[in-house]
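Enquirer: Below is a structure I'd like to ask you about.
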Amino acid sequence: MSDLIDQSLKLKREILDADPDERLSYEAPLGKLIALMQEQDISVPAEIRDLHEELVNEMIESQFNNMPV
């Protein structure tokens, strides 16, 4: 059980250390890890949920940045 929490914290560190242009590529793996934790009734740490929400928001924002005006 704590293995998934450890994985999520390791992934969080990778995301925070990643180049800003590469951060969005971590949204899907982090989302899958969160889903796996939820399936196993493991409480997802707030810092991990917040980071995933931040990545989702960045992804949405990036889609609008590429829209022609």
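Chain identifiers are assigned as A, B, and so on, following the order in which chains appear in the structure tokens; residues are numbered from 1 within each chain, and ligands are numbered from 1 in order of appearance.
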Got a sec: who's within 7 Å of region 18-31 of chain A, counting only C-alpha atoms, leaving out chain neighbours fewer than 4 positions off, as number ranges by chain?

Expert: A: 14, 35, 52, 55-56, 59

Enquirer: When distances are computed from only C-alpha atoms, which of A:Leu51, A:Glu58, A:Asp17, A:Glu39 shows the smallest separation from Leu4 (chain A)?

Expert: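 Smallest separation from Leu4 (chain A) among the options: A:Glu39.
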
Enquirer: For CA of Leu16 (chain A) and CA of Asp3 (chain A), determine how far apart the two atoms are, in Å to one decimal place.

Expert: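 Interatomic distance here is 19.9 Å.
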
Enquirer: Tell me which protein, DNA and RNA residues are within 10 Å of Ser2 (chain A), counting only C-alpha atoms, leaving out same-chain ones fewer than 6 positions away, and put them as JSON, numbers by chain.

Expert: {"A": [8, 37, 42]}

Enquirer: Please list as a list in words every residue within 12 Å of Ile5 (chain A), counting only C-alpha atoms and excluding residues in the same chain fewer than 2 positions away.

Expert: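 The filter keeps Met1, Ser2, Asp3, Gln7, Ser8, Leu9, Lys10, Leu11, Lys12, Leu30, Leu33, Ile34, Leu36, Met37, Gln38, Gln40, Asp41, Ile42, Ser43, Val44, Pro45, Ala46, Glu47, Ile48 and Arg49 of chain A.
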
Enquirer: Kindly export the residues of the current selection with N, CA and C atoms, as a PDB file, in the first residue's frame.

Expert:
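Okay, selection_31.pdb is ready:
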ATOM      1  N   MET A   1       0.836  -1.188   0.000  1.00  0.00           N
ATOM      2  CA  MET A   1       0.000   0.000   0.000  1.00  0.00           C
ATOM      3  C   MET A   1       0.878   1.247   0.000  1.00  0.00           C
ATOM      4  N   SER A   2       1.823   1.318   0.915  1.00  0.00           N
ATOM      5  CA  SER A   2       2.669   2.502   0.975  1.00  0.00           C
ATOM      6  C   SER A   2       3.567   2.605  -0.246  1.00  0.00           C
ATOM      7  N   ASP A   3       3.717   1.486  -0.977  1.00  0.00           N
ATOM      8  CA  ASP A   3       4.517   1.502  -2.197  1.00  0.00           C
ATOM      9  C   ASP A   3       3.933   2.483  -3.214  1.00  0.00           C
ATOM     10  N   GLN A   7       5.625   5.775  -4.700  1.00  0.00           N
ATOM     11  CA  GLN A   7       5.708   6.023  -6.145  1.00  0.00           C
ATOM     12  C   GLN A   7       5.162   7.403  -6.484  1.00  0.00           C
ATOM     13  N   SER A   8       4.050   7.767  -5.858  1.00  0.00           N
ATOM     14  CA  SER A   8       3.449   9.068  -6.154  1.00  0.00           C
ATOM     15  C   SER A   8       4.362  10.207  -5.702  1.00  0.00           C
ATOM     16  N   LEU A   9       5.012  10.048  -4.563  1.00  0.00           N
ATOM     17  CA  LEU A   9       5.919  11.088  -4.076  1.00  0.00           C
ATOM     18  C   LEU A   9       7.175  11.181  -4.941  1.00  0.00           C
ATOM     19  N   LYS A  10       7.637  10.039  -5.435  1.00  0.00           N
ATOM     20  CA  LYS A  10       8.783  10.038  -6.348  1.00  0.00           C
ATOM     21  C   LYS A  10       8.413  10.732  -7.658  1.00  0.00           C
ATOM     22  N   LEU A  11       7.229  10.419  -8.174  1.00  0.00           N
ATOM     23  CA  LEU A  11       6.762  11.044  -9.402  1.00  0.00           C
ATOM     24  C   LEU A  11       6.577  12.542  -9.203  1.00  0.00           C
ATOM     25  N   LYS A  12       6.091  12.933  -8.047  1.00  0.00           N
ATOM     26  CA  LYS A  12       5.945  14.359  -7.741  1.00  0.00           C
ATOM     27  C   LYS A  12       7.302  15.053  -7.839  1.00  0.00           C
ATOM     28  N   LEU A  30       0.550  10.400 -13.769  1.00  0.00           N
ATOM     29  CA  LEU A  30       0.120  10.759 -12.419  1.00  0.00           C
ATOM     30  C   LEU A  30      -1.363  10.456 -12.243  1.00  0.00           C
ATOM     31  N   LEU A  33      -1.780   6.733 -11.719  1.00  0.00           N
ATOM     32  CA  LEU A  33      -1.339   6.336 -10.386  1.00  0.00           C
ATOM     33  C   LEU A  33      -2.396   6.710  -9.338  1.00  0.00           C
ATOM     34  N   ILE A  34      -2.984   7.877  -9.491  1.00  0.00           N
ATOM     35  CA  ILE A  34      -4.052   8.296  -8.573  1.00  0.00           C
ATOM     36  C   ILE A  34      -5.244   7.359  -8.690  1.00  0.00           C
ATOM     37  N   LEU A  36      -5.241   4.247  -9.622  1.00  0.00           N
ATOM     38  CA  LEU A  36      -4.855   2.966  -9.026  1.00  0.00           C
ATOM     39  C   LEU A  36      -4.944   3.038  -7.500  1.00  0.00           C
ATOM     40  N   MET A  37      -4.499   4.135  -6.942  1.00  0.00           N
ATOM     41  CA  MET A  37      -4.578   4.315  -5.494  1.00  0.00           C
ATOM     42  C   MET A  37      -6.039   4.317  -5.036  1.00  0.00           C
ATOM     43  N   GLN A  38      -6.883   5.002  -5.789  1.00  0.00           N
ATOM     44  CA  GLN A  38      -8.298   5.065  -5.429  1.00  0.00           C
ATOM     45  C   GLN A  38      -8.955   3.695  -5.543  1.00  0.00           C
ATOM     46  N   GLN A  40      -7.609   0.917  -4.960  1.00  0.00           N
ATOM     47  CA  GLN A  40      -7.147   0.103  -3.834  1.00  0.00           C
ATOM     48  C   GLN A  40      -7.479   0.743  -2.488  1.00  0.00           C
ATOM     49  N   ASP A  41      -8.365   1.732  -2.524  1.00  0.00           N
ATOM     50  CA  ASP A  41      -8.799   2.430  -1.307  1.00  0.00           C
ATOM     51  C   ASP A  41      -7.639   3.009  -0.503  1.00  0.00           C
ATOM     52  N   ILE A  42      -6.648   3.519  -1.229  1.00  0.00           N
ATOM     53  CA  ILE A  42      -5.517   4.192  -0.601  1.00  0.00           C
ATOM     54  C   ILE A  42      -5.792   5.688  -0.673  1.00  0.00           C
ATOM     55  N   SER A  43      -5.665   6.342   0.451  1.00  0.00           N
ATOM     56  CA  SER A  43      -5.893   7.779   0.495  1.00  0.00           C
ATOM     57  C   SER A  43      -4.801   8.492  -0.299  1.00  0.00           C
ATOM     58  N   VAL A  44      -5.221   9.280  -1.279  1.00  0.00           N
ATOM     59  CA  VAL A  44      -4.278  10.022  -2.111  1.00  0.00           C
ATOM     60  C   VAL A  44      -3.876  11.283  -1.351  1.00  0.00           C
ATOM     61  N   PRO A  45      -2.579  11.474  -1.128  1.00  0.00           N
ATOM     62  CA  PRO A  45      -2.140  12.674  -0.418  1.00  0.00           C
ATOM     63  C   PRO A  45      -2.612  13.948  -1.131  1.00  0.00           C
ATOM     64  N   ALA A  46      -2.981  14.940  -0.347  1.00  0.00           N
ATOM     65  CA  ALA A  46      -3.484  16.198  -0.909  1.00  0.00           C
ATOM     66  C   ALA A  46      -2.472  16.832  -1.854  1.00  0.00           C
ATOM     67  N   GLU A  47      -1.200  16.752  -1.520  1.00  0.00           N
ATOM     68  CA  GLU A  47      -0.175  17.361  -2.367  1.00  0.00           C
ATOM     69  C   GLU A  47      -0.132  16.712  -3.751  1.00  0.00           C
ATOM     70  N   ILE A  48      -0.468  15.418  -3.826  1.00  0.00           N
ATOM     71  CA  ILE A  48      -0.491  14.719  -5.111  1.00  0.00           C
ATOM     72  C   ILE A  48      -1.738  15.112  -5.893  1.00  0.00           C
ATOM     73  N   ARG A  49      -2.878  15.157  -5.221  1.00  0.00           N
ATOM     74  CA  ARG A  49      -4.116  15.597  -5.883  1.00  0.00           C
ATOM     75  C   ARG A  49      -3.972  17.021  -6.398  1.00  0.00           C
TER      76      ARG A  49
END

Enquirer: Based on DSSP run over this structure's backbone, return all residues of region 4-61 of chain A in alpha helix (DSSP H), as an MDAnalysis selection string.

Expert: chainID A and resid 4:17 27:39 46:61
